[in-house]
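Peer 1: So that you have it, the file is work34.txt, and it contains compact mmCIF, C-alpha atoms and all ligand atoms:
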```txt
# COMPACT_ATOMS: atom_id res chain seq x y z
CA MET Y 1 200.28 246.91 44.58
CA ILE Y 2 202.47 244.58 42.62
CA GLY Y 3 201.04 243.92 39.16
CA ALA Y 4 200.56 240.52 37.54
CA THR Y 5 202.68 241.63 34.63
CA GLU Y 6 205.78 243.55 35.45
CA ALA Y 7 208.66 245.08 33.58
CA VAL Y 8 211.90 244.63 35.46
CA PRO Y 9 215.18 246.14 34.23
CA SER Y 10 217.39 243.10 34.48
CA VAL Y 11 220.55 242.91 32.47
CA GLU Y 12 222.88 245.52 31.17
CA ASP Y 13 225.09 244.48 28.34
CA ALA Y 14 227.00 246.34 25.67
CA GLY Y 15 225.40 249.55 26.92
CA ALA Y 16 221.83 248.28 26.40
CA ILE Y 17 219.29 247.73 29.16
CA ILE Y 18 217.28 244.58 28.44
CA ILE Y 19 213.76 244.50 29.82
CA VAL Y 20 212.44 241.20 31.15
CA VAL Y 21 208.66 240.82 31.20
CA ALA Y 22 207.20 238.13 33.45
CA ASN Y 23 203.72 236.87 32.83
CA GLU Y 24 201.33 234.51 34.58
CA ALA Y 25 202.23 231.64 32.27
CA GLY Y 26 205.78 231.95 33.48
CA GLY Y 27 207.23 233.00 30.19
CA ILE Y 28 209.82 235.68 29.78
CA SER Y 29 209.85 237.53 26.51
CA ARG Y 30 213.15 238.34 24.81
CA ARG Y 31 214.55 235.17 26.28
CA SER Y 32 217.25 234.85 23.67
CA LEU Y 33 218.74 238.13 24.83
CA LEU Y 34 219.03 236.93 28.39
CA THR Y 35 220.96 233.69 28.23
CA SER Y 36 224.70 233.99 28.26
CA GLY Y 37 224.69 232.82 24.65
CA GLY Y 38 222.11 235.43 23.77
CA ILE Y 39 224.11 238.15 25.45
CA ALA Y 40 227.23 236.95 23.67
CA ALA Y 41 225.36 237.01 20.37
CA LEU Y 42 224.04 240.50 21.10
CA GLY Y 43 227.52 241.72 21.93
CA THR Y 44 228.84 240.19 18.73
CA ALA Y 45 226.08 241.72 16.66
CA LEU Y 46 226.59 245.17 18.18
CA ALA Y 47 230.33 245.25 18.16
CA GLY Y 48 231.03 243.04 15.16
CA CYS Y 49 233.90 241.47 17.10
CA ALA Y 50 234.67 237.84 18.12
CA PRO Y 51 232.31 235.13 16.78
CA ALA Y 52 229.99 233.59 19.39
CA GLU Y 53 231.76 230.22 19.46
CA GLN Y 54 234.90 231.85 20.88
CA VAL Y 55 232.94 233.14 23.89
CA PRO Y 56 232.81 230.71 26.83
CA ARG Y 57 229.28 229.32 27.04
CA ASP Y 58 227.35 227.81 29.90
CA PRO Y 59 225.26 225.00 28.33
CA VAL Y 60 222.86 224.71 31.28
CA ALA Y 61 222.19 228.44 31.46
CA ASP Y 62 221.78 228.48 27.67
CA ALA Y 63 219.14 225.77 27.81
CA VAL Y 64 216.79 227.37 30.32
CA ARG Y 65 214.85 230.57 30.69
CA PRO Y 66 215.55 232.80 33.70
CA VAL Y 67 212.59 232.93 36.08
CA VAL Y 68 211.70 236.44 37.20
CA PRO Y 69 211.47 236.38 41.02
CA THR Y 70 209.13 239.39 41.30
CA GLY Y 71 205.45 239.86 40.49
CA GLU Y 72 202.02 239.42 42.02
CA HIS Y 73 202.89 235.86 43.12
CA GLN Y 74 206.20 234.27 44.04
CA ALA Y 75 208.02 232.17 41.46
CA GLY Y 76 208.17 228.40 41.98
CA ILE Y 77 204.39 227.93 42.20
CA ALA Y 78 202.70 228.47 38.83
CA ARG Y 79 205.88 229.48 37.02
CA PRO Y 80 208.06 228.47 35.36
CA ALA Y 81 205.60 226.40 33.30
CA ALA Y 82 208.41 223.90 32.71
CA VAL Y 83 209.01 222.85 36.34
CA GLN Y 84 212.75 222.65 37.04
CA PRO Y 85 214.23 219.14 37.45
CA HIS Y 86 216.04 219.73 40.78
CA LEU Y 87 214.69 220.82 44.16
CA LEU Y 88 216.03 221.38 47.63
CA LEU Y 89 213.47 222.21 50.30
CA GLY Y 90 214.20 223.18 53.91
CA VAL Y 91 211.95 223.81 56.93
CA TYR Y 92 213.10 226.18 59.69
CA ASP Y 93 212.29 227.66 63.07
CA LEU Y 94 212.61 231.41 63.34
CA ASP Y 95 214.17 233.16 66.31
CA GLY Y 96 212.63 236.66 66.59
CA GLY Y 97 210.23 238.58 64.37
CA PRO Y 98 209.71 237.84 60.67
CA VAL Y 99 209.87 241.34 59.12
CA GLY Y 100 213.66 241.79 58.84
CA VAL Y 101 214.35 238.12 58.05
CA LEU Y 102 211.81 237.99 55.22
CA ALA Y 103 213.06 241.28 53.75
CA ARG Y 104 216.65 239.95 53.82
CA LEU Y 105 215.53 236.69 52.20
CA GLY Y 106 213.82 238.72 49.44
CA ASP Y 107 216.99 240.76 48.85
CA SER Y 108 219.05 237.55 48.70
CA ILE Y 109 216.58 236.02 46.22
CA LEU Y 110 216.96 239.07 43.95
CA ALA Y 111 220.76 238.81 44.16
CA LEU Y 112 220.80 235.03 43.59
CA THR Y 113 218.42 235.02 40.62
CA SER Y 114 220.33 237.83 38.92
CA GLY Y 115 223.57 235.85 39.36
CA ASP Y 116 224.91 238.59 41.62
CA HIS Y 117 225.48 236.59 44.81
CA PRO Y 118 228.84 235.19 45.97
CA ALA Y 119 227.20 231.95 47.17
CA LEU Y 120 226.77 230.85 43.54
CA ALA Y 121 230.56 230.92 43.08
CA GLY Y 122 230.12 232.38 39.60
CA ILE Y 123 227.76 229.59 38.47
CA ALA Y 124 224.86 230.89 36.36
CA PRO Y 125 221.51 230.75 38.23
CA GLY Y 126 219.71 229.62 35.04
CA ASP Y 127 216.05 229.05 35.90
CA LEU Y 128 216.54 229.27 39.69
CA SER Y 129 213.37 229.99 41.65
CA VAL Y 130 213.01 230.42 45.41
CA THR Y 131 209.63 230.18 47.14
CA VAL Y 132 209.20 231.17 50.79
CA GLY Y 133 206.29 230.19 53.03
CA VAL Y 134 205.54 230.98 56.67
CA GLY Y 135 204.00 228.64 59.23
CA PRO Y 136 200.80 229.15 61.26
CA ARG Y 137 202.62 230.46 64.39
CA LEU Y 138 203.86 233.49 62.44
CA VAL Y 139 200.61 234.12 60.55
CA GLN Y 140 198.65 234.00 63.83
CA GLN Y 141 200.77 236.94 65.06
CA VAL Y 142 199.00 239.21 62.56
CA VAL Y 143 195.62 237.54 61.86
CA ALA Y 144 193.71 235.42 64.37
CA GLU Y 145 192.02 233.21 61.81
CA GLY Y 146 191.80 232.64 58.09
CA PRO Y 147 194.20 231.28 55.47
CA GLY Y 148 197.59 230.26 56.83
CA THR Y 149 196.61 230.20 60.52
CA GLU Y 150 195.78 226.48 60.76
CA PRO Y 151 198.34 223.70 61.13
CA LEU Y 152 197.87 220.46 59.24
CA PRO Y 153 196.02 217.80 61.26
CA ALA Y 154 197.46 214.29 61.68
CA PHE Y 155 196.42 211.61 59.15
CA PRO Y 156 196.76 207.81 59.04
CA ARG Y 157 199.99 206.27 57.69
CA GLU Y 158 202.22 208.85 59.34
CA ASP Y 159 205.29 208.30 61.51
CA ILE Y 160 206.44 211.82 62.18
CA ASP Y 161 208.97 213.07 64.70
CA GLU Y 162 207.65 216.34 66.19
CA ARG Y 163 210.65 218.20 64.65
CA HIS Y 164 209.38 217.10 61.25
CA ARG Y 165 205.84 218.41 61.70
CA GLY Y 166 205.05 222.08 61.02
CA GLY Y 167 207.70 224.81 61.36
CA ASP Y 168 207.96 228.59 60.97
CA LEU Y 169 209.41 228.84 57.50
CA VAL Y 170 209.72 226.74 54.37
CA ILE Y 171 212.19 227.55 51.61
CA GLN Y 172 211.75 225.74 48.29
CA VAL Y 173 214.66 226.16 45.86
CA CYS Y 174 214.38 224.77 42.31
CA ALA Y 175 216.71 224.89 39.30
CA SER Y 176 217.79 222.91 36.24
CA ASP Y 177 221.43 222.90 37.31
CA PRO Y 178 221.72 220.44 40.25
CA LEU Y 179 224.50 222.56 41.79
CA VAL Y 180 222.35 225.66 42.05
CA PRO Y 181 219.77 224.67 44.73
CA PRO Y 182 222.33 223.68 47.43
CA LEU Y 183 224.48 226.76 46.72
CA ALA Y 184 221.48 229.10 46.66
CA LEU Y 185 220.06 227.68 49.89
CA ALA Y 186 223.47 228.02 51.57
CA GLY Y 187 223.54 231.65 50.45
CA LEU Y 188 220.03 232.33 51.77
CA LEU Y 189 220.90 230.79 55.15
CA ALA Y 190 224.20 232.68 55.39
CA ASP Y 191 222.29 235.95 54.85
CA THR Y 192 219.71 235.18 57.59
CA SER Y 193 221.24 233.95 60.84
CA ALA Y 194 217.92 233.64 62.74
CA LEU Y 195 216.90 230.32 61.17
CA THR Y 196 217.36 226.87 62.74
CA GLU Y 197 216.85 223.93 60.41
CA ARG Y 198 214.25 221.25 61.20
CA TRP Y 199 214.66 219.13 58.09
CA ARG Y 200 215.63 219.35 54.45
CA GLN Y 201 214.90 217.21 51.44
CA ARG Y 202 216.35 216.89 47.97
CA GLY Y 203 214.10 215.97 45.02
CA ALA Y 204 214.30 215.40 41.28
CA ARG Y 205 211.96 215.18 38.32
CA GLY Y 206 212.65 213.20 35.15
CA PRO Y 207 211.86 214.40 31.63
CA SER Y 208 208.31 215.63 31.18
CA VAL Y 209 205.78 214.28 28.72
CA ALA Y 210 203.20 216.40 26.87
CA VAL Y 211 199.78 216.34 28.57
CA ARG Y 212 197.66 218.95 26.75
CA GLY Y 213 198.47 222.36 25.33
CA ASP Y 214 201.65 223.60 26.99
CA HIS Y 215 201.06 221.50 30.11
CA THR Y 216 203.65 218.77 30.72
CA ALA Y 217 204.32 216.40 33.63
CA PRO Y 218 207.11 213.95 34.55
CA ARG Y 219 207.02 210.30 35.63
CA ASN Y 220 207.56 209.66 39.35
CA VAL Y 221 209.49 206.76 40.97
CA LEU Y 222 206.49 204.47 40.40
CA GLY Y 223 206.87 204.99 36.63
CA PHE Y 224 203.51 206.80 36.38
CA VAL Y 225 203.14 210.33 35.03
CA ASP Y 226 202.33 212.59 37.99
CA GLY Y 227 200.80 216.05 37.78
CA ILE Y 228 198.43 215.44 34.84
CA ALA Y 229 195.24 216.83 36.40
CA ALA Y 230 196.12 220.45 37.17
CA PRO Y 231 194.62 223.96 37.22
CA ILE Y 232 196.27 225.54 34.19
CA SER Y 233 194.35 228.58 32.98
CA VAL Y 234 194.49 231.94 34.74
CA ASP Y 235 190.81 231.51 35.71
CA GLU Y 236 191.35 227.99 37.10
CA ARG Y 237 194.27 229.22 39.18
CA ALA Y 238 192.36 232.27 40.39
CA GLU Y 239 189.67 229.88 41.63
CA SER Y 240 191.80 227.16 43.16
CA VAL Y 241 195.41 228.27 43.78
CA TRP Y 242 195.58 231.96 44.73
CA ILE Y 243 194.04 233.60 47.77
CA GLY Y 244 192.12 236.40 46.08
CA GLN Y 245 191.42 238.93 48.79
CA GLY Y 246 191.95 239.93 52.40
CA ALA Y 247 195.13 240.36 54.41
CA VAL Y 248 196.99 237.61 52.55
CA ALA Y 249 195.84 238.30 48.95
CA GLY Y 250 198.27 236.88 46.39
CA ALA Y 251 199.42 234.11 48.72
CA SER Y 252 198.68 230.38 48.46
CA ILE Y 253 198.54 227.54 50.98
CA MET Y 254 201.54 225.25 50.46
CA VAL Y 255 201.40 221.67 51.74
CA VAL Y 256 204.57 219.61 51.94
CA ARG Y 257 204.68 215.87 52.71
CA ARG Y 258 207.71 213.60 52.64
CA MET Y 259 206.09 210.31 51.59
CA GLU Y 260 208.33 207.28 51.70
CA ILE Y 261 207.19 204.54 49.30
CA ASP Y 262 207.67 200.79 49.70
CA LEU Y 263 208.72 200.55 46.08
CA ALA Y 264 209.69 196.88 46.25
CA ALA Y 265 206.19 195.95 47.43
CA PHE Y 266 204.52 198.14 44.77
CA GLN Y 267 206.72 196.62 42.05
CA ARG Y 268 205.77 193.10 43.17
CA LEU Y 269 202.24 193.89 41.93
CA PRO Y 270 201.56 192.97 38.30
CA VAL Y 271 201.48 196.13 36.15
CA GLU Y 272 197.65 195.79 35.79
CA ALA Y 273 197.31 195.86 39.58
CA GLN Y 274 199.61 198.92 39.76
CA GLU Y 275 197.37 200.58 37.16
CA SER Y 276 194.27 199.70 39.17
CA ALA Y 277 195.86 201.26 42.27
CA ILE Y 278 196.46 204.52 40.39
CA GLY Y 279 193.50 204.51 37.94
CA ARG Y 280 195.59 205.25 34.84
CA GLU Y 281 197.62 203.08 32.44
CA ARG Y 282 201.31 203.16 33.21
CA ALA Y 283 202.70 203.38 29.65
CA SER Y 284 200.23 205.80 28.04
CA SER Y 285 199.01 207.48 31.25
CA ALA Y 286 195.49 207.38 29.79
CA PRO Y 287 192.65 207.05 32.33
CA LEU Y 288 191.41 203.43 32.79
CA SER Y 289 187.99 204.86 31.83
CA GLY Y 290 189.36 205.56 28.30
CA GLY Y 291 190.65 208.51 26.32
CA ALA Y 292 194.14 209.97 26.16
CA ILE Y 293 196.63 211.24 28.75
CA GLY Y 294 195.16 214.75 28.83
CA ASP Y 295 191.59 213.55 29.46
CA ASP Y 296 189.92 213.71 32.84
CA VAL Y 297 189.07 210.38 34.44
CA ASP Y 298 185.39 209.33 34.07
CA LEU Y 299 184.41 208.16 37.54
CA GLN Y 300 181.01 206.85 36.32
CA ALA Y 301 182.28 204.65 33.44
CA LYS Y 302 181.52 200.93 33.91
CA SER Y 303 182.41 197.71 32.13
CA PRO Y 304 179.60 195.67 30.44
CA ASP Y 305 179.41 193.53 33.63
CA GLY Y 306 178.78 196.65 35.72
CA LYS Y 307 182.20 197.18 37.35
CA TYR Y 308 183.71 200.64 37.65
CA LEU Y 309 186.55 201.05 35.12
CA ILE Y 310 188.26 203.27 37.70
CA PRO Y 311 188.23 200.97 40.77
CA ALA Y 312 186.59 202.17 43.99
CA ASP Y 313 189.96 202.47 45.76
CA ALA Y 314 192.00 203.83 42.82
CA HIS Y 315 194.09 206.85 43.79
CA VAL Y 316 192.60 209.10 41.09
CA ARG Y 317 189.07 208.32 42.33
CA ARG Y 318 189.91 208.88 46.03
CA ALA Y 319 191.89 212.07 45.23
CA HIS Y 320 189.47 213.42 42.61
CA PRO Y 321 188.28 216.92 43.55
CA ARG Y 322 184.61 216.38 42.59
CA PRO Y 323 183.62 213.77 45.22
CA ALA Y 324 185.79 215.62 47.76
CA GLY Y 325 183.80 218.80 47.02
CA VAL Y 326 186.91 220.96 46.54
CA PRO Y 327 188.67 222.73 43.65
CA LEU Y 328 191.67 221.09 41.96
CA MET Y 329 194.97 221.65 43.79
CA LEU Y 330 198.21 222.54 41.97
CA ARG Y 331 200.64 219.66 42.57
CA ARG Y 332 204.36 220.25 42.10
CA SER Y 333 205.87 217.09 43.60
CA TYR Y 334 209.41 215.74 43.23
CA SER Y 335 210.64 212.14 43.39
CA MET Y 336 213.13 211.37 46.18
CA ASP Y 337 216.09 208.99 46.12
CA ASP Y 338 216.86 209.10 49.84
CA PRO Y 339 214.47 208.13 51.25
CA LEU Y 340 212.86 206.57 48.16
CA GLY Y 341 209.47 208.11 47.54
CA LEU Y 342 207.71 211.36 46.72
CA LEU Y 343 208.13 214.80 48.18
CA PHE Y 344 204.51 215.81 47.71
CA VAL Y 345 204.12 219.58 47.28
CA SER Y 346 200.78 221.22 46.54
CA PHE Y 347 199.44 224.77 46.38
CA GLN Y 348 195.81 225.64 46.98
CA ALA Y 349 193.72 228.66 47.99
CA GLU Y 350 192.27 226.85 51.00
CA LEU Y 351 193.73 224.24 53.35
CA ARG Y 352 190.50 222.22 53.17
CA THR Y 353 191.26 221.44 49.50
CA PHE Y 354 194.15 219.35 50.80
CA THR Y 355 192.60 218.05 54.04
CA GLN Y 356 189.30 216.91 52.46
CA THR Y 357 191.23 215.14 49.70
CA MET Y 358 193.55 213.49 52.22
CA GLU Y 359 190.57 212.38 54.34
CA ARG Y 360 188.96 210.67 51.36
CA MET Y 361 192.26 209.03 50.45
CA SER Y 362 192.74 207.86 54.04
CA GLU Y 363 189.38 206.00 53.95
CA SER Y 364 190.54 203.68 51.15
CA ASP Y 365 193.27 204.54 48.68
CA ALA Y 366 195.15 201.57 47.24
CA LEU Y 367 198.25 203.71 46.64
CA LEU Y 368 198.38 205.07 50.18
CA ASP Y 369 198.95 201.54 51.54
CA PHE Y 370 202.46 201.66 50.06
CA THR Y 371 203.37 205.00 51.66
CA LEU Y 372 204.54 206.28 55.03
CA THR Y 373 204.66 210.02 55.62
CA THR Y 374 207.65 211.05 57.75
CA ALA Y 375 207.62 214.88 57.51
CA THR Y 376 204.86 217.38 56.82
CA GLY Y 377 203.71 220.96 57.15
CA ALA Y 378 201.28 223.56 55.87
CA PHE Y 379 202.62 227.04 55.13
CA LEU Y 380 201.40 230.30 53.69
CA ALA Y 381 203.43 230.77 50.49
CA LEU Y 382 203.86 234.53 50.70
CA PRO Y 383 202.49 236.94 48.07
CA GLY Y 384 204.92 238.19 45.44
CA PHE Y 385 207.44 240.95 46.13
CA ASP Y 386 209.86 243.28 44.39
CA ALA Y 387 212.60 245.76 45.27
CA GLN Y 388 210.01 248.33 46.48
CA HIS Y 389 207.71 245.87 48.28
CA PRO Y 390 209.84 243.61 50.53
CA LEU Y 391 208.97 239.92 50.83
CA GLY Y 392 206.23 239.49 53.45
CA SER Y 393 205.63 243.24 53.87
CA THR Y 394 201.97 243.12 52.76
CA ILE Y 395 201.28 240.77 55.69
CA PHE Y 396 203.83 241.62 58.39
CA GLY Y 397 204.61 245.26 57.49
CA ALA Y 398 207.95 246.77 56.51
CA ALA Y 399 210.92 247.51 58.77
C1 LIG Y 401 203.34 208.77 47.20
C2 LIG Y 401 202.39 209.64 47.06
C3 LIG Y 401 201.65 209.91 45.77
C4 LIG Y 401 201.88 209.48 44.51
C5 LIG Y 401 202.98 208.54 44.03
C6 LIG Y 401 200.85 210.05 43.66
C7 LIG Y 401 200.72 209.81 42.30
C8 LIG Y 401 199.67 210.24 41.52
C9 LIG Y 401 199.44 209.87 40.15
C10 LIG Y 401 200.35 208.95 39.33
C11 LIG Y 401 198.32 210.47 39.73
C12 LIG Y 401 197.63 210.34 38.35
C13 LIG Y 401 198.08 211.34 37.36
C14 LIG Y 401 197.77 212.79 37.66
O1 LIG Y 401 196.64 213.27 37.50
O2 LIG Y 401 198.71 213.44 38.11
C15 LIG Y 401 197.82 211.27 40.83
C16 LIG Y 401 196.71 212.06 40.80
C17 LIG Y 401 196.31 212.86 41.83
N1 LIG Y 401 196.84 212.92 43.09
FE1 LIG Y 401 198.40 211.83 43.77
N2 LIG Y 401 200.04 210.85 44.42
C18 LIG Y 401 200.50 210.80 45.71
C19 LIG Y 401 199.97 211.46 46.79
C20 LIG Y 401 198.94 212.36 46.74
C21 LIG Y 401 198.45 213.13 47.85
C22 LIG Y 401 199.01 213.12 49.27
C23 LIG Y 401 197.45 213.91 47.36
C24 LIG Y 401 196.61 214.92 48.09
C25 LIG Y 401 196.08 214.76 49.27
C26 LIG Y 401 197.30 213.60 45.95
C27 LIG Y 401 196.40 214.21 45.11
C28 LIG Y 401 196.19 213.87 43.80
C29 LIG Y 401 195.19 214.49 42.96
C30 LIG Y 401 194.24 215.63 43.36
C31 LIG Y 401 195.24 213.85 41.72
C32 LIG Y 401 194.37 214.13 40.49
C33 LIG Y 401 193.11 213.31 40.52
C34 LIG Y 401 192.29 213.61 39.29
O3 LIG Y 401 191.61 214.66 39.27
O4 LIG Y 401 192.34 212.83 38.33
N3 LIG Y 401 198.22 212.66 45.62
N4 LIG Y 401 198.67 211.12 41.91
```
Could you spell out this file's structure in C-alpha cells?
Peer 2:
Amino acid sequence: MIGATEAVPSVEDAGAIIIVVANEAGGISRRSLLTSGGIAALGTALAGCAPAEQVPRDPVADAVRPVVPTGEHQAGIARPAAVQPHLLLGVYDLDGGPVGVLARLGDSILALTSGDHPALAGIAPGDLSVTVGVGPRLVQQVVAEGPGTEPLPAFPREDIDERHRGGDLVIQVCASDPLVPPLALAGLLADTSALTERWRQRGARGPSVAVRGDHTAPRNVLGFVDGIAAPISVDERAESVWIGQGAVAGASIMVVRRMEIDLAAFQRLPVEAQESAIGRERASSAPLSGGAIGDDVDLQAKSPDGKYLIPADAHVRRAHPRPAGVPLMLRRSYSMDDPLGLLFVSFQAELRTFTQTMERMSESDALLDFTLTTATGAFLALPGFDAQHPLGSTIFGAA
C-alpha cells in the first residue's frame, strides 16, 4: 500500500542524501535544499568554496517547488497547491495490453521529474507533474462495472469528431517552464511506442489571486476568476475527489473538455450582462449575492423587488453542486489560445458529479451559449505509484 505521506530519497549532493516529503497539500518540506540554488547554497555552506552567485542558476527552477510524483494519488490533481501555469494534454489509443506501457510511463515520469531524462535536454524539470488516466475500454478489461467503466454521454453544444471523443489514455503534463511540458511529453511518447495520438491541446493559466486560506485561482480568457469553489480540505477531497475503496481505490474520474468560446460575442455584452451570465462580479470575483471572493454564492438571495440576485440561468447557479445533488468537483482548467477557449479539466470520485452538473447546465446556462465543445473524454486517473508499485499495477497487475 502506498502511503499518503511518503519519504522519498531524492537528491544526492555534496555527499548528503536529501529527503523529500510529499504531503496531501502538495507541499514538499526542505524545499530550499532542493532547488538548484538551494543545492548550490548547501554545497557552498558545506565546502566553504565559491559564493553562490558564481554558480550558474536556473531562475525558473529556483522559483518553483519540485512536485513529488509518488504517493497515494498521482501528482497533477490535488497537488501542487499552486497549479502550474503551463499544460500540454494528449489523448491516445493503445495498441496491446496496458501493464507494460503503464509501468514504462511510470518509470519515465520518475526519470523526468528527477531531471534524469535525456528528453529534457538538461533543462530543469522544476515543478513538472505528469498525470495518467485510462479510458473505459481498458478499465472494462478488469472490472465490468463501477468507476472508470462508463464513457461520457453526448451533451448539447458539441461538435465532436469521433477521434476527439473518448480514447484509451490521457496524459496531462504541467509545469511552470513552458518548455518542459512539450519536452516531457515527447520523452514519454518516445519511451512507449504503443500509443497513437488522437488529439493534443496546449493550455495556460495567468497569475492566481488569493481566494481563501492557501487556495488561489487564476482568471480565464473571459477575465473572470475560475476555480474559486473547490474541495480544499483533506475531508472534502476524500468525499468528492478520491475513489475511497474497491478495485480502483486512490483513483479519480478525470473529465476533459475542449470548449471553444465565442469570445467576441461574449465581449459584446456589457460587463453587467457578463457578470449575470457567470453570477459573480468580474473585477472582485465576489458573488452577485454579496460577500467576498472566497464566499459561496447564496442561491436564495433576492433583491427588494423579489428577483434572484444570482439569475436563474447564471453559470454558478446551473453548475452549483447543491441543486444538482452532487459533491463539489475539483476543477483544474486551463485557458487556450488556439482554439480560443477553455480546456475544462475536472476530477471527481463519481462520473455522475460531472454528468448531473452538465445536464443542469445544458437546460439553461447563459455561459454555455457562448461555447462549443470539440473534444471530450472521461478517464480513470490512476492511483498513485512509486518505484516498488508500478503505475497502474493495483488495477491491471504487474508484469
Ligand atoms: C467555457 C467553459 C467554462 C467557463 C469559462 C467556466 C467559468 C466558470 C467561472 C468563472 C466560475 C465562477 C468562479 C468559480 O467558482 O470558479 C465557474 C464556476 C463553476 N463551474 Fe464553470 N466554467 C466553464 C465550464 C464548466 C463546466 C463544463 C462545468 C461542469 C460541468 C463547470 C462547473 C463549474 C462549477 C461546479 C462551478 C462552481 C459553482 C459554485 O459552486 O459556485 N464549469 N465556472
Peer 1: Taking all atoms listed in the file into account, report as a count of residues only which residues have an atom no farther than 8 Å from an atom of ligand LIG 401 (chain Y).
Peer 2: 49
Peer 1: Mind dumping a table of every stretch 244-335 of chain Y residue within 8 Å of stretch 380-391 of chain Y, with the nearest atom pair and its distance in Å to one decimal, using all atoms listed in the file, sorted by chain and rising number, as CSV?
Peer 2:
```
residue,atom,partner,partner_atom,distance
Y:Val248,CA,Y:Pro383,CA,7.1
Y:Ala249,CA,Y:Pro383,CA,6.8
Y:Gly250,CA,Y:Pro383,CA,4.5
Y:Ala251,CA,Y:Pro383,CA,4.2
Y:Ser252,CA,Y:Ala381,CA,5.2
Y:Ile253,CA,Y:Leu380,CA,4.8
Y:Met254,CA,Y:Ala381,CA,5.8
```
Peer 1: Can those selected residues be exported to a file as a compact mmCIF listing (two decimals), in the coordinates of the input so that it contains C-alpha atoms?
Peer 2:
```
# COMPACT_ATOMS: atom_id res chain seq x y z
CA VAL Y 248 196.99 237.61 52.55
CA ALA Y 249 195.84 238.30 48.95
CA GLY Y 250 198.27 236.88 46.39
CA ALA Y 251 199.42 234.11 48.72
CA SER Y 252 198.68 230.38 48.46
CA ILE Y 253 198.54 227.54 50.98
CA MET Y 254 201.54 225.25 50.46
```
Peer 1: Enclose all atoms of stretch 217-228 of chain Y listed in the file in an axis-aligned box, grow every side by 6 Å, and hand back centre and edge lengths in Å to one decimal, as lines of an AutoDock Vina configuration file.
Peer 2:
```
center_x = 204.0
center_y = 210.4
center_z = 37.3
size_x = 23.1
size_y = 23.9
size_z = 19.3
```
Peer 1: Neighbouring residues of Y:Ile77 were defined as those with any atom within 8 Å, considering only C-alpha atoms; residues of the same chain fewer than 3 positions away were excluded. Please report them as a PyMOL selection string.
Peer 2: chain Y and resi 74+80+131+332+347
Peer 1: May I ask which of the residues Y:Met336, Y:Val180, Y:Leu128, Y:Val83 is the closest one to Y:Leu263, counting only C-alpha atoms?
Peer 2: Y:Met336
Peer 1: Just give me the residues with any atom within 8 Å of (209.9, 231.9, 55.0), file coordinates, counting only C-alpha atoms, written as a short mmCIF file (atom, residue, chain, number, x, y, z; two decimals) with C-alpha atoms, in the frame of the given file.
Peer 2:
```
data_model
loop_
_atom_site.label_atom_id
_atom_site.label_comp_id
_atom_site.auth_asym_id
_atom_site.auth_seq_id
_atom_site.Cartn_x
_atom_site.Cartn_y
_atom_site.Cartn_z
CA LEU Y 102 211.81 237.99 55.22
CA LEU Y 105 215.53 236.69 52.20
CA VAL Y 132 209.20 231.17 50.79
CA GLY Y 133 206.29 230.19 53.03
CA VAL Y 134 205.54 230.98 56.67
CA GLY Y 135 204.00 228.64 59.23
CA ASP Y 168 207.96 228.59 60.97
CA LEU Y 169 209.41 228.84 57.50
CA VAL Y 170 209.72 226.74 54.37
CA ILE Y 171 212.19 227.55 51.61
CA ALA Y 381 203.43 230.77 50.49
CA LEU Y 382 203.86 234.53 50.70
#
```
Peer 1: Hey, which of Y:Gly392, Y:Pro182, Y:Gly126, Y:Pro147 ends up closest to Y:Gln348? Count all atoms listed in the file.
Peer 2: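 Looking at the shortest contact to Y:Gln348, the residue is Y:Pro147.
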Peer 1: Atom CA of Y:Thr374 and atom CA of Y:Gly166 are how many Å apart?
Peer 2: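 Distance reported for this atom pair: 11.8 Å.
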Peer 1: Considering only C-alpha atoms, return as JSON, numbers by chain whatever protein or nucleic-acid residues lie within 12 Å of Y:Val173, sequence-local ones (same chain, fewer than 4 positions apart) excluded.
Peer 2: {"Y": [69, 74, 75, 76, 77, 83, 84, 85, 86, 87, 88, 89, 90, 91, 109, 112, 113, 125, 127, 128, 129, 130, 131, 132, 133, 177, 178, 179, 180, 181, 182, 183, 184, 185, 186, 187, 188, 200, 201, 202, 203, 204, 334]}
Peer 1: For Y:Tyr92, which of Y:Gly377, Y:Gly294, Y:Gly244, Y:Gly122 is the closest residue, counting only C-alpha atoms?
Peer 2: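 Among Y:Gly377, Y:Gly294, Y:Gly244, Y:Gly122, it is Y:Gly377 that comes nearest to Y:Tyr92.
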Peer 1: Ranking Y:Leu288, Y:Val345, Y:Ala378, Y:Leu120 by minimum distance to Y:Ser333 and counting only C-alpha atoms, which one comes first?
Peer 2: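 Answer, going by the shortest atom-to-atom distance: Y:Val345.
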Peer 1: Kindly provide, as an mmCIF file with C-alpha atoms, keeping the file's coordinate frame, the polymer residues lying within 9 Å of (208.2, 237.1, 64.8), counting all atoms listed in the file and using the coordinates exactly as they appear in the file.
Peer 2:
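For reference, part-v2.cif as written:
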```
data_model
loop_
_atom_site.group_PDB
_atom_site.id
_atom_site.type_symbol
_atom_site.label_atom_id
_atom_site.label_comp_id
_atom_site.auth_asym_id
_atom_site.auth_seq_id
_atom_site.Cartn_x
_atom_site.Cartn_y
_atom_site.Cartn_z
ATOM 1 C CA LEU Y 94 212.610 231.410 63.340
ATOM 2 C CA ASP Y 95 214.170 233.160 66.310
ATOM 3 C CA GLY Y 96 212.630 236.660 66.590
ATOM 4 C CA GLY Y 97 210.230 238.580 64.370
ATOM 5 C CA PRO Y 98 209.710 237.840 60.670
ATOM 6 C CA VAL Y 99 209.870 241.340 59.120
ATOM 7 C CA ARG Y 137 202.620 230.460 64.390
ATOM 8 C CA LEU Y 138 203.860 233.490 62.440
ATOM 9 C CA GLN Y 141 200.770 236.940 65.060
ATOM 10 C CA PHE Y 396 203.830 241.620 58.390
#
```
Peer 1: Go through Y:Ala119, Y:Ala111, Y:Phe379, Y:Thr70 one by one, measure the shortest atom-to-atom distance of each to Y:Val256 using all atoms listed in the file, and give the residue with the smallest value.
Peer 2: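 Checking each of Y:Ala119, Y:Ala111, Y:Phe379, Y:Thr70 against Y:Val256, counting all atoms listed in the file, the winner is Y:Phe379.
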